[in-house]
file protein26.txt (compact mmCIF, C-alpha atoms)
# COMPACT_ATOMS: atom_id res chain seq x y z
CA MET Q 145 -7.15 1.77 -25.43
CA SER Q 146 -9.42 0.68 -22.61
CA SER Q 147 -13.18 0.97 -22.99
CA VAL Q 148 -13.66 0.46 -19.24
CA ALA Q 149 -14.34 3.47 -17.00
CA LYS Q 150 -11.86 4.13 -14.19
CA VAL Q 151 -14.62 4.28 -11.57
CA ILE Q 152 -15.01 0.95 -9.80
CA LYS Q 153 -18.45 -0.67 -9.36
CA ARG Q 154 -18.89 -1.21 -5.63
CA ASP Q 155 -21.70 -3.74 -5.49
CA TRP Q 156 -19.85 -5.32 -2.56
CA LEU Q 157 -20.52 -2.30 -0.34
CA ASP Q 158 -23.79 -3.97 0.69
CA TRP Q 159 -21.79 -6.65 2.52
CA PRO Q 160 -22.26 -6.50 6.32
CA PHE Q 161 -18.66 -5.30 6.82
CA PHE Q 162 -19.58 -1.74 5.79
CA GLU Q 163 -21.44 1.25 7.20
CA GLN Q 164 -23.04 4.30 5.61
CA ARG Q 165 -19.84 6.35 6.02
CA HIS Q 166 -18.07 3.94 3.68
CA HIS Q 167 -20.58 4.80 0.96
CA THR Q 168 -19.70 8.47 1.53
CA ILE Q 169 -16.00 7.73 1.21
CA GLY Q 170 -16.71 5.83 -2.01
CA GLU Q 171 -18.55 8.82 -3.43
CA ARG Q 172 -15.60 11.08 -2.59
CA LEU Q 173 -13.23 8.68 -4.31
CA ASP Q 174 -15.46 8.62 -7.39
CA ARG Q 175 -15.44 12.42 -7.56
CA PHE Q 176 -11.65 12.39 -7.35
CA VAL Q 177 -11.30 9.80 -10.12
CA GLN Q 178 -13.84 11.63 -12.29
CA SER Q 179 -12.10 14.99 -11.76
CA GLY Q 180 -9.71 14.12 -14.59
CA VAL Q 181 -6.52 14.56 -12.58
CA LEU Q 182 -5.47 10.96 -13.31
CA ASP Q 183 -5.63 11.68 -17.04
CA THR Q 184 -3.06 14.46 -16.64
CA ILE Q 185 -0.45 12.32 -14.89
CA ASP Q 186 2.80 11.68 -16.76
CA HIS Q 187 3.73 8.15 -15.68
CA GLY Q 188 7.10 8.60 -17.36
CA ASP Q 189 8.07 11.06 -14.61
CA VAL Q 190 7.08 9.24 -11.44
CA ASP Q 191 8.59 11.83 -9.10
CA ALA Q 192 6.49 14.67 -10.49
CA ALA Q 193 3.48 12.35 -10.87
CA CYS Q 194 3.53 11.35 -7.19
CA ARG Q 195 3.81 14.95 -6.06
CA LYS Q 196 0.89 15.96 -8.26
CA LEU Q 197 -1.21 12.99 -7.16
CA VAL Q 198 -0.61 13.54 -3.45
CA ARG Q 199 -1.39 17.24 -3.67
CA ALA Q 200 -4.61 16.52 -5.60
CA MET Q 201 -5.67 13.82 -3.12
CA GLY Q 202 -4.98 16.17 -0.23
CA GLU Q 203 -7.08 18.93 -1.78
CA ALA Q 204 -9.91 16.46 -2.44
CA GLY Q 205 -9.88 15.17 1.15
CA VAL Q 206 -8.97 11.66 0.00
CA LEU Q 207 -6.00 11.49 2.40
CA ASP Q 208 -8.10 12.28 5.48
CA CYS Q 209 -8.89 8.62 6.14
CA ALA Q 210 -5.21 7.56 5.87
CA VAL Q 211 -3.35 10.30 7.76
CA ALA Q 212 -4.25 11.15 11.35
CA ALA Q 213 -4.97 14.72 12.39
CA PRO Q 214 -2.39 16.27 14.77
CA ASP Q 215 -4.76 15.86 17.72
CA GLY Q 216 -6.05 12.47 16.58
CA ASP Q 217 -5.03 8.93 17.38
CA ALA Q 218 -3.69 6.79 14.55
CA THR Q 219 -5.06 3.65 16.21
CA THR Q 220 -8.56 4.94 15.40
CA ILE Q 221 -7.82 5.00 11.65
CA ASP Q 222 -10.47 2.84 10.00
CA SER Q 223 -8.86 -0.05 8.11
CA ARG Q 224 -12.00 -0.61 6.04
CA SER Q 225 -11.77 2.96 4.76
CA ILE Q 226 -8.11 2.46 3.87
CA CYS Q 227 -8.96 -0.78 2.05
CA LEU Q 228 -11.89 0.80 0.24
CA SER Q 229 -9.68 3.70 -0.86
CA ARG Q 230 -6.83 1.52 -2.05
CA GLU Q 231 -9.11 -0.86 -3.96
CA SER Q 232 -10.77 2.08 -5.72
CA LEU Q 233 -7.52 3.90 -6.51
CA ALA Q 234 -5.71 0.75 -7.66
CA TYR Q 235 -8.62 0.03 -10.01
CA ALA Q 236 -8.16 3.49 -11.54
CA ASP Q 237 -4.38 3.93 -11.45
CA GLY Q 238 -1.62 1.96 -9.75
CA LEU Q 239 0.54 5.01 -9.03
CA ALA Q 240 -2.39 6.76 -7.36
CA ASP Q 241 -2.80 3.79 -5.02
CA PHE Q 242 0.93 3.85 -4.24
CA ALA Q 243 0.94 7.59 -3.50
CA PHE Q 244 -2.11 7.30 -1.22
CA ALA Q 245 -0.74 4.33 0.73
CA MET Q 246 2.64 5.92 1.39
CA GLN Q 247 1.11 9.04 2.96
CA GLY Q 248 -0.53 6.84 5.58
CA LEU Q 249 2.30 4.38 6.07
CA GLY Q 250 4.95 7.09 6.21
CA SER Q 251 3.12 9.13 8.84
CA GLY Q 252 1.54 6.39 10.97
CA ALA Q 253 4.37 6.01 13.47
CA ILE Q 254 4.58 9.80 13.87
CA ALA Q 255 0.90 9.88 14.78
CA LEU Q 256 1.38 6.95 17.18
CA GLY Q 257 4.61 7.95 18.90
CA GLY Q 258 5.54 11.51 18.00
CA SER Q 259 5.62 14.44 20.39
CA ALA Q 260 2.87 17.05 20.13
CA GLU Q 261 5.39 19.35 18.45
CA LEU Q 262 6.35 16.78 15.82
CA ARG Q 263 2.76 15.83 15.12
CA LYS Q 264 1.80 19.46 14.67
CA ALA Q 265 4.76 20.11 12.37
CA VAL Q 266 4.39 17.03 10.15
CA LEU Q 267 0.88 15.58 10.06
CA PRO Q 268 -1.04 18.58 8.63
CA LYS Q 269 1.44 18.84 5.74
CA VAL Q 270 1.22 15.12 4.96
CA ARG Q 271 -2.57 15.10 5.29
CA SER Q 272 -2.95 18.09 2.96
CA GLY Q 273 -0.60 16.58 0.38
CA GLU Q 274 1.95 19.38 0.76
CA TRP Q 275 4.57 16.89 1.95
CA LEU Q 276 5.36 13.36 0.78
CA ALA Q 277 6.07 10.78 3.49
CA ALA Q 278 8.28 7.68 3.54
CA PHE Q 279 8.64 4.61 5.77
CA ALA Q 280 12.31 3.58 6.03
CA LEU Q 281 12.44 0.09 7.53
CA SER Q 282 13.99 -2.34 5.02
CA GLU Q 283 17.70 -2.96 4.54
CA LYS Q 284 19.74 -5.09 2.17
CA GLU Q 285 19.99 -7.90 4.74
CA ALA Q 286 16.89 -7.02 6.76
CA GLY Q 287 13.66 -7.24 4.82
CA SER Q 288 11.32 -9.85 6.23
CA ASP Q 289 13.80 -10.37 9.08
CA VAL Q 290 13.62 -6.92 10.67
CA ALA Q 291 15.64 -8.07 13.68
CA ALA Q 292 18.69 -8.32 11.38
CA MET Q 293 18.72 -4.52 11.01
CA SER Q 294 22.20 -2.97 11.07
CA CYS Q 295 21.54 0.76 10.58
CA THR Q 296 22.41 2.35 13.94
CA ALA Q 297 21.46 5.44 15.91
CA ARG Q 298 23.67 6.22 18.92
CA ALA Q 299 22.80 8.76 21.57
CA ASP Q 300 25.25 11.66 21.77
CA GLY Q 301 24.23 14.34 24.27
CA ASN Q 302 20.96 15.87 23.11
CA ASP Q 303 21.27 14.25 19.69
CA TYR Q 304 21.28 10.90 17.93
CA VAL Q 305 23.89 10.09 15.29
CA ILE Q 306 22.70 7.73 12.54
CA ASP Q 307 24.91 5.53 10.37
CA GLY Q 308 23.99 2.91 7.80
CA GLU Q 309 21.72 2.35 4.82
CA LYS Q 310 18.08 1.64 4.06
CA THR Q 311 16.93 0.25 0.73
CA TRP Q 312 13.73 -0.38 -1.25
CA ILE Q 313 12.34 2.76 0.36
CA SER Q 314 9.18 3.98 -1.35
CA ASN Q 315 9.24 7.73 -2.01
CA GLY Q 316 12.97 7.58 -1.39
CA GLY Q 317 14.61 10.62 -2.92
CA ILE Q 318 11.41 12.69 -3.13
CA ALA Q 319 9.93 12.46 0.38
CA ASP Q 320 9.80 15.53 2.60
CA VAL Q 321 9.77 13.47 5.79
CA TYR Q 322 11.06 9.98 6.58
CA THR Q 323 10.09 7.69 9.44
CA LEU Q 324 13.35 5.85 10.08
CA PHE Q 325 13.95 2.71 12.13
CA ALA Q 326 17.47 2.14 13.46
CA ARG Q 327 19.22 -0.04 15.99
CA THR Q 328 19.80 1.75 19.32
CA GLY Q 329 20.87 -1.35 21.26
CA GLU Q 330 18.67 -1.32 24.36
CA ALA Q 331 18.22 -5.09 23.93
CA PRO Q 332 19.07 -7.80 21.40
CA GLY Q 333 17.07 -8.20 18.21
CA ALA Q 334 13.83 -6.33 17.61
CA ARG Q 335 13.71 -4.95 21.16
CA GLY Q 336 16.75 -2.76 20.46
CA ILE Q 337 15.27 -0.74 17.59
CA SER Q 338 14.01 2.84 17.85
CA ALA Q 339 12.08 5.09 15.47
CA PHE Q 340 12.99 8.61 14.36
CA VAL Q 341 11.85 11.42 12.09
CA VAL Q 342 14.46 12.43 9.51
CA PHE Q 343 14.25 15.29 7.03
CA PRO Q 344 16.07 15.27 3.68
CA ASP Q 345 18.14 18.34 4.56
CA ASP Q 346 19.58 16.77 7.72
CA PRO Q 347 23.42 16.80 7.47
CA GLY Q 348 24.73 13.32 6.70
CA PHE Q 349 21.56 12.13 4.97
CA GLY Q 350 21.81 11.24 1.29
CA ILE Q 351 20.44 9.12 -1.53
CA ALA Q 352 22.86 6.33 -2.43
CA ASP Q 353 20.96 5.38 -5.59
CA ARG Q 354 17.52 5.32 -7.16
CA ILE Q 355 15.96 1.93 -7.95
CA ASP Q 356 14.10 1.25 -11.19
CA VAL Q 357 11.47 -1.51 -11.12
CA ILE Q 358 9.12 -3.09 -13.68
CA ALA Q 359 6.18 -0.90 -12.64
CA PRO Q 360 7.77 2.54 -12.21
CA HIS Q 361 7.53 3.90 -8.67
CA PRO Q 362 9.90 6.19 -6.75
CA LEU Q 363 12.26 3.90 -4.83
CA ALA Q 364 15.72 4.54 -3.43
CA THR Q 365 18.54 3.42 -1.19
CA LEU Q 366 19.13 5.91 1.63
CA ARG Q 367 22.56 6.48 3.16
CA PHE Q 368 23.30 7.92 6.60
CA ALA Q 369 26.86 8.98 7.39
CA ASN Q 370 27.23 10.60 10.81
CA CYS Q 371 23.73 12.01 10.38
CA ARG Q 372 22.96 14.05 13.48
CA ILE Q 373 19.35 14.74 14.53
CA PRO Q 374 17.85 16.12 17.76
CA ALA Q 375 16.80 13.56 20.36
CA GLY Q 376 13.34 15.14 20.28
CA ARG Q 377 12.78 13.50 16.91
CA ARG Q 378 12.72 10.03 18.41
CA LEU Q 379 9.27 8.48 18.24
CA GLY Q 380 8.11 6.74 21.38
CA ALA Q 381 10.42 5.18 23.92
CA PRO Q 382 14.01 4.02 23.29
CA GLY Q 383 13.84 0.48 21.92
CA GLY Q 384 10.16 0.88 21.06
CA GLY Q 385 10.63 1.29 17.32
CA PHE Q 386 9.77 -2.26 16.32
CA LYS Q 387 6.48 -2.04 18.22
CA LEU Q 388 5.66 1.23 16.44
CA ALA Q 389 6.52 -0.30 13.07
CA MET Q 390 4.25 -3.29 13.72
CA GLN Q 391 1.41 -1.09 15.00
CA THR Q 392 1.65 0.98 11.81
CA LEU Q 393 1.77 -2.08 9.57
CA ASP Q 394 -1.18 -3.62 11.41
CA ILE Q 395 -3.30 -0.63 10.39
CA PHE Q 396 -2.30 -0.86 6.74
CA ARG Q 397 -1.39 -4.51 6.03
CA ALA Q 398 -4.85 -5.62 4.91
CA SER Q 399 -4.86 -2.69 2.51
CA VAL Q 400 -2.15 -4.34 0.40
CA ALA Q 401 -4.70 -7.07 -0.25
CA ALA Q 402 -7.25 -4.39 -1.13
CA ALA Q 403 -4.89 -2.85 -3.69
CA ALA Q 404 -4.48 -6.29 -5.26
CA LEU Q 405 -8.28 -6.56 -5.39
CA GLY Q 406 -8.44 -3.28 -7.26
CA PHE Q 407 -6.00 -4.59 -9.84
CA ALA Q 408 -7.89 -7.88 -10.13
CA ARG Q 409 -11.29 -6.22 -10.55
CA ARG Q 410 -9.92 -3.92 -13.25
CA ALA Q 411 -8.40 -6.90 -15.08
CA LEU Q 412 -11.71 -8.78 -14.85
CA ASP Q 413 -13.66 -5.81 -16.19
CA GLU Q 414 -11.18 -5.34 -19.04
CA ALA Q 415 -11.46 -9.06 -19.85
CA LEU Q 416 -15.26 -8.93 -19.81
CA SER Q 417 -15.34 -5.93 -22.12
CA HIS Q 418 -12.90 -7.58 -24.51
CA ALA Q 419 -14.75 -10.93 -24.44
CA ARG Q 420 -18.01 -9.23 -25.40
CA SER Q 421 -16.54 -7.35 -28.36
CA ARG Q 422 -13.80 -9.61 -29.79
CA ARG Q 423 -15.13 -11.49 -32.83
CA MET Q 424 -13.74 -14.92 -33.61
CA PHE Q 425 -14.98 -18.17 -35.19
CA GLY Q 426 -18.27 -16.54 -36.13
CA ALA Q 427 -19.07 -15.54 -32.55
CA THR Q 428 -17.54 -13.50 -29.75
CA LEU Q 429 -14.73 -14.56 -27.45
CA GLY Q 430 -17.27 -14.52 -24.62
CA ASP Q 431 -19.43 -17.12 -26.39
CA LEU Q 432 -16.68 -19.72 -26.06
CA GLN Q 433 -17.04 -22.04 -23.09
CA LEU Q 434 -13.33 -21.89 -22.22
CA THR Q 435 -13.61 -18.12 -21.92
CA GLN Q 436 -16.72 -18.42 -19.77
CA ALA Q 437 -14.98 -20.91 -17.49
CA ALA Q 438 -12.02 -18.55 -17.10
CA LEU Q 439 -14.27 -15.59 -16.32
CA GLY Q 440 -16.15 -17.68 -13.76
CA ASP Q 441 -12.92 -18.59 -11.99
CA MET Q 442 -11.67 -15.01 -12.09
CA ALA Q 443 -14.86 -13.57 -10.57
CA THR Q 444 -15.16 -16.26 -7.89
CA ASP Q 445 -11.53 -16.05 -6.80
CA THR Q 446 -11.67 -12.26 -6.63
CA ASP Q 447 -14.76 -12.22 -4.42
CA ALA Q 448 -13.26 -14.90 -2.16
CA ALA Q 449 -10.16 -12.78 -1.69
CA ALA Q 450 -12.32 -9.71 -1.06
CA LEU Q 451 -14.21 -11.50 1.72
CA LEU Q 452 -10.93 -12.38 3.44
CA THR Q 453 -9.66 -8.82 3.03
CA TYR Q 454 -12.66 -7.04 4.48
CA ARG Q 455 -13.04 -9.65 7.22
CA ALA Q 456 -9.54 -8.74 8.42
CA ALA Q 457 -10.27 -5.01 8.29
CA TRP Q 458 -13.68 -5.43 9.98
CA ARG Q 459 -12.18 -7.60 12.72
CA ARG Q 460 -9.66 -4.86 13.54
CA ASP Q 461 -12.11 -1.94 13.26
CA VAL Q 462 -15.25 -3.38 14.86
CA GLN Q 463 -14.20 -6.31 17.00
CA LYS Q 464 -10.95 -4.62 18.13
CA LEU Q 465 -9.19 -7.97 17.89
CA PRO Q 466 -5.70 -8.89 16.65
CA THR Q 467 -5.62 -9.58 12.92
CA THR Q 468 -2.17 -11.12 12.50
CA ARG Q 469 -3.51 -14.34 10.98
CA GLU Q 470 -6.46 -12.79 9.16
CA ALA Q 471 -4.41 -10.02 7.52
CA ALA Q 472 -1.76 -12.54 6.46
CA MET Q 473 -4.43 -14.78 4.91
CA ALA Q 474 -5.93 -11.81 3.09
CA LYS Q 475 -2.61 -10.51 1.84
CA LEU Q 476 -1.34 -13.81 0.47
CA THR Q 477 -4.69 -14.81 -1.04
CA ALA Q 478 -5.53 -11.47 -2.67
CA THR Q 479 -2.09 -10.91 -4.19
CA GLU Q 480 -1.77 -14.46 -5.53
CA THR Q 481 -5.35 -14.34 -6.82
CA ALA Q 482 -4.78 -11.01 -8.55
CA GLN Q 483 -1.68 -12.39 -10.26
CA ARG Q 484 -3.72 -15.28 -11.69
CA VAL Q 485 -6.66 -13.08 -12.69
CA ILE Q 486 -4.45 -10.55 -14.46
CA ASP Q 487 -2.48 -13.30 -16.20
CA ARG Q 488 -5.73 -14.77 -17.56
CA ALA Q 489 -6.82 -11.34 -18.73
CA VAL Q 490 -3.55 -10.89 -20.61
CA GLN Q 491 -4.04 -14.32 -22.19
CA MET Q 492 -7.56 -13.39 -23.35
CA PHE Q 493 -6.25 -10.27 -25.02
CA GLY Q 494 -3.74 -12.34 -27.01
CA GLY Q 495 -1.06 -10.24 -28.68
CA ARG Q 496 -2.70 -7.04 -27.47
CA GLY Q 497 -2.22 -8.19 -23.90
CA VAL Q 498 1.55 -7.75 -24.00
CA ARG Q 499 1.56 -4.49 -25.94
CA LYS Q 500 2.90 -1.59 -23.91
CA GLY Q 501 0.13 0.88 -23.17
CA GLU Q 502 -2.63 -1.69 -22.72
CA VAL Q 503 -4.28 -1.64 -19.31
CA VAL Q 504 -3.79 -5.38 -18.75
CA GLU Q 505 -0.09 -5.08 -19.63
CA SER Q 506 0.29 -2.33 -17.02
CA LEU Q 507 -1.61 -4.39 -14.45
CA TYR Q 508 0.66 -7.37 -15.13
CA ARG Q 509 3.65 -5.26 -14.13
CA GLU Q 510 1.89 -3.58 -11.20
CA ILE Q 511 0.78 -6.75 -9.43
CA ARG Q 512 4.13 -8.49 -9.27
CA ALA Q 513 5.59 -6.40 -6.46
CA LEU Q 514 2.55 -6.84 -4.21
CA ARG Q 515 3.37 -10.53 -3.79
CA ILE Q 516 6.67 -9.45 -2.22
CA TYR Q 517 6.44 -6.17 -0.31
CA GLU Q 518 5.14 -5.90 3.26
CA GLY Q 519 5.84 -9.59 3.67
CA ALA Q 520 6.21 -11.98 0.76
CA THR Q 521 3.64 -14.71 0.18
CA GLU Q 522 5.97 -17.30 1.70
CA VAL Q 523 6.34 -15.20 4.87
CA GLN Q 524 2.56 -14.80 5.14
CA LYS Q 525 2.17 -18.58 5.06
CA LEU Q 526 4.64 -18.87 7.95
CA ILE Q 527 2.75 -16.22 9.91
CA VAL Q 528 -0.53 -18.09 9.47
CA ALA Q 529 0.99 -21.44 10.44
CA ARG Q 530 2.81 -20.11 13.47
CA ASP Q 531 -0.31 -18.34 14.72
CA LEU Q 532 -2.29 -21.56 14.31
CA LEU Q 533 0.31 -23.58 16.19
CA LYS Q 534 0.49 -21.03 18.98
CA SER Q 535 -3.27 -20.73 19.40
CA ARG Q 536 -4.02 -24.45 19.32

call {"tool": "encode", "arguments": {"input": "protein26.txt", "output": "structure tokens"}}
result
Amino acid sequence: MSSVAKVIKRDWLDWPFFEQRHHTIGERLDRFVQSGVLDTIDHGDVDAACRKLVRAMGEAGVLDCAVAAPDGDATTIDSRSICLSRESLAYADGLADFAFAMQGLGSGAIALGGSAELRKAVLPKVRSGEWLAAFALSEKEAGSDVAAMSCTARADGNDYVIDGEKTWISNGGIADVYTLFARTGEAPGARGISAFVVFPDDPGFGIADRIDVIAPHPLATLRFANCRIPAGRRLGAPGGGFKLAMQTLDIFRASVAAAALGFARRALDEALSHARSRRMFGATLGDLQLTQAALGDMATDTDAAALLTYRAAWRRDVQKLPTTREAAMAKLTATETAQRVIDRAVQMFGGRGVRKGEVVESLYREIRALRIYEGATEVQKLIVARDLLKSR
């Protein structure tokens, strides 16, 4: 069992990236973590766990910084607040971080491009935690290469008819509302994609299969067979779906790095606690120079990744500048760093480190997906290089 509290120590909040309101958000997150709701979550039933987590976060006001109000503007969502929330939640519980992130990601395009009627119908329910949201972009042959999308939506009178599949969809099978991206053909490639709101009871919508992964999360493949929805559920202009997807991801991309930071900081704290108490060779594990060297590397690498992460969020929030390169740097650095930090923590724990139920064992499984989703490490390197070449 862990001897480390689930409440993160935020000594980095005195960095110049933050304002007083971020301290207030941190206090709200601490109250949520300390409420005990995370201790009542059954991680063996991820569907029920996510529903319970989202409802509890909605009631506690934790979702307010991630989901726009019906009369708000999603572009004003504060990326630093999202990052702060994800780092804190990931430190406490990986599934809580997942549930929080999906409410924002799944509703972002609706806030950006939805009609007043759609926003009023969907956003309050997502923000309160009554509804779970999903972001349906990826396909079997269109992950990093979104332009390869084959799922189609054809106009038919006052409706659109959707055919095709989406896969690796978080909250797939349990979401109450899906933001779907499909090819409408106004132009080749990414310029011919539109965005839509789909509900699980729409005729022709179904779940092809559920996907089990090493760190249990609700994932599914969605199937659309002659799925007819009203044209009023299109988000934004025809062919404007890719732009909406990128605008949404721009708000949340740096937060993937922040989640990785939360995992890394928890692993470091678990390793520190273990190093202080584990007796060996007439001393403690922490008295050994090899252990001290490892801890020094872990702490330094984590803070370096944190500086990149909050620089990207600050640049977007305060400077109102593009963060394509900065967010990519943060994402690839924080996720790769967290993998190394967690691996070292597992090594320090020895046999205990691979025992199911240990915090570091859970973190080892949790971190692996973050190096892949929302743009794998290799893709982030290409983004950085291409931006450098273009700008210079």

call {"tool": "closest_residue", "arguments": {"input": "protein26.txt", "among": "Q:Arg172, Q:Lys387, Q:Arg378, Q:Arg410", "to": "Ala149 in chain Q", "atoms": "all atoms listed in the file"}}
result
Q:Arg410

call {"tool": "atom_distance", "arguments": {"input": "protein26.txt", "atom1": "CA of Val148 in chain Q", "atom2": "CA of Arg512 in chain Q"}}
result
22.3 Å

call {"tool": "closest_residue", "arguments": {"input": "protein26.txt", "among": "Q:Val321, Q:Ala398, Q:Met473, Q:Ala218", "to": "Glu231 in chain Q", "atoms": "only C-alpha atoms"}}
result
Q:Ala398

call {"tool": "atom_distance", "arguments": {"input": "protein26.txt", "atom1": "CA of Leu157 in chain Q", "atom2": "CA of Val206 in chain Q"}}
result
18.1 Å

call {"tool": "atom_distance", "arguments": {"input": "protein26.txt", "atom1": "CA of Arg354 in chain Q", "atom2": "CA of Arg195 in chain Q"}}
result
16.8 Å

call {"tool": "closest_residue", "arguments": {"input": "protein26.txt", "among": "Q:Phe349, Q:Trp458, Q:Trp275, Q:Tyr304", "to": "Ala319 in chain Q", "atoms": "all atoms listed in the file"}}
result
Q:Trp275

call {"tool": "residues_around", "arguments": {"input": "protein26.txt", "residues": "Arg484 in chain Q", "least_positions_apart": "3", "cutoff": "12 Å", "atoms": "only C-alpha atoms", "output": "number ranges by chain"}}
result
Q: 404-405, 407-409, 411-412, 438-439, 441-443, 445-446, 477-481, 487-491, 507-508, 511-512, 515

call {"tool": "residues_near_point", "arguments": {"input": "protein26.txt", "point": "(-5.4, 0.3, 9.2)", "cutoff": "9 Å", "atoms": "all atoms listed in the file", "output": "MDAnalysis selection string"}}
result
chainID Q and resid 210 218:227 248 392:399 457 460:461

call {"tool": "build_atoms", "arguments": {"input": "protein26.txt", "residues": "range 320-331 of chain Q", "atoms": "N, CA, C and O atoms", "output": "PDB file, keeping the file's coordinate frame"}}
result
ATOM      1  N   ASP Q 320       9.479  14.353   1.784  1.00  0.00           N
ATOM      2  CA  ASP Q 320       9.800  15.530   2.600  1.00  0.00           C
ATOM      3  C   ASP Q 320      10.011  15.153   4.055  1.00  0.00           C
ATOM      4  O   ASP Q 320      10.553  15.946   4.832  1.00  0.00           O
ATOM      5  N   VAL Q 321       9.577  13.954   4.430  1.00  0.00           N
ATOM      6  CA  VAL Q 321       9.770  13.470   5.790  1.00  0.00           C
ATOM      7  C   VAL Q 321       9.880  11.945   5.745  1.00  0.00           C
ATOM      8  O   VAL Q 321       9.149  11.284   5.011  1.00  0.00           O
ATOM      9  N   TYR Q 322      10.829  11.411   6.517  1.00  0.00           N
ATOM     10  CA  TYR Q 322      11.060   9.980   6.580  1.00  0.00           C
ATOM     11  C   TYR Q 322      10.882   9.483   8.014  1.00  0.00           C
ATOM     12  O   TYR Q 322      11.409  10.076   8.955  1.00  0.00           O
ATOM     13  N   THR Q 323      10.119   8.401   8.166  1.00  0.00           N
ATOM     14  CA  THR Q 323      10.090   7.690   9.440  1.00  0.00           C
ATOM     15  C   THR Q 323      11.146   6.597   9.349  1.00  0.00           C
ATOM     16  O   THR Q 323      11.028   5.671   8.538  1.00  0.00           O
ATOM     17  N   LEU Q 324      12.174   6.732  10.155  1.00  0.00           N
ATOM     18  CA  LEU Q 324      13.350   5.850  10.080  1.00  0.00           C
ATOM     19  C   LEU Q 324      13.408   4.931  11.303  1.00  0.00           C
ATOM     20  O   LEU Q 324      13.179   5.366  12.431  1.00  0.00           O
ATOM     21  N   PHE Q 325      13.748   3.676  11.049  1.00  0.00           N
ATOM     22  CA  PHE Q 325      13.950   2.710  12.130  1.00  0.00           C
ATOM     23  C   PHE Q 325      15.413   2.304  12.153  1.00  0.00           C
ATOM     24  O   PHE Q 325      15.975   1.915  11.123  1.00  0.00           O
ATOM     25  N   ALA Q 326      16.040   2.419  13.345  1.00  0.00           N
ATOM     26  CA  ALA Q 326      17.470   2.140  13.460  1.00  0.00           C
ATOM     27  C   ALA Q 326      17.759   1.451  14.790  1.00  0.00           C
ATOM     28  O   ALA Q 326      17.015   1.606  15.769  1.00  0.00           O
ATOM     29  N   ARG Q 327      18.855   0.713  14.792  1.00  0.00           N
ATOM     30  CA  ARG Q 327      19.220  -0.040  15.990  1.00  0.00           C
ATOM     31  C   ARG Q 327      19.864   0.891  17.027  1.00  0.00           C
ATOM     32  O   ARG Q 327      20.844   1.573  16.739  1.00  0.00           O
ATOM     33  N   THR Q 328      19.270   0.928  18.224  1.00  0.00           N
ATOM     34  CA  THR Q 328      19.800   1.750  19.320  1.00  0.00           C
ATOM     35  C   THR Q 328      20.370   0.891  20.446  1.00  0.00           C
ATOM     36  O   THR Q 328      20.983   1.424  21.371  1.00  0.00           O
ATOM     37  N   GLY Q 329      20.146  -0.425  20.395  1.00  0.00           N
ATOM     38  CA  GLY Q 329      20.870  -1.350  21.260  1.00  0.00           C
ATOM     39  C   GLY Q 329      20.392  -1.512  22.679  1.00  0.00           C
ATOM     40  O   GLY Q 329      21.143  -2.005  23.529  1.00  0.00           O
ATOM     41  N   GLU Q 330      19.153  -1.142  22.986  1.00  0.00           N
ATOM     42  CA  GLU Q 330      18.670  -1.320  24.360  1.00  0.00           C
ATOM     43  C   GLU Q 330      18.547  -2.797  24.730  1.00  0.00           C
ATOM     44  O   GLU Q 330      18.599  -3.148  25.909  1.00  0.00           O
ATOM     45  N   ALA Q 331      18.345  -3.655  23.722  1.00  0.00           N
ATOM     46  CA  ALA Q 331      18.220  -5.090  23.930  1.00  0.00           C
ATOM     47  C   ALA Q 331      18.556  -5.785  22.616  1.00  0.00           C
ATOM     48  O   ALA Q 331      18.629  -5.130  21.568  1.00  0.00           O
TER      49      ALA Q 331
END
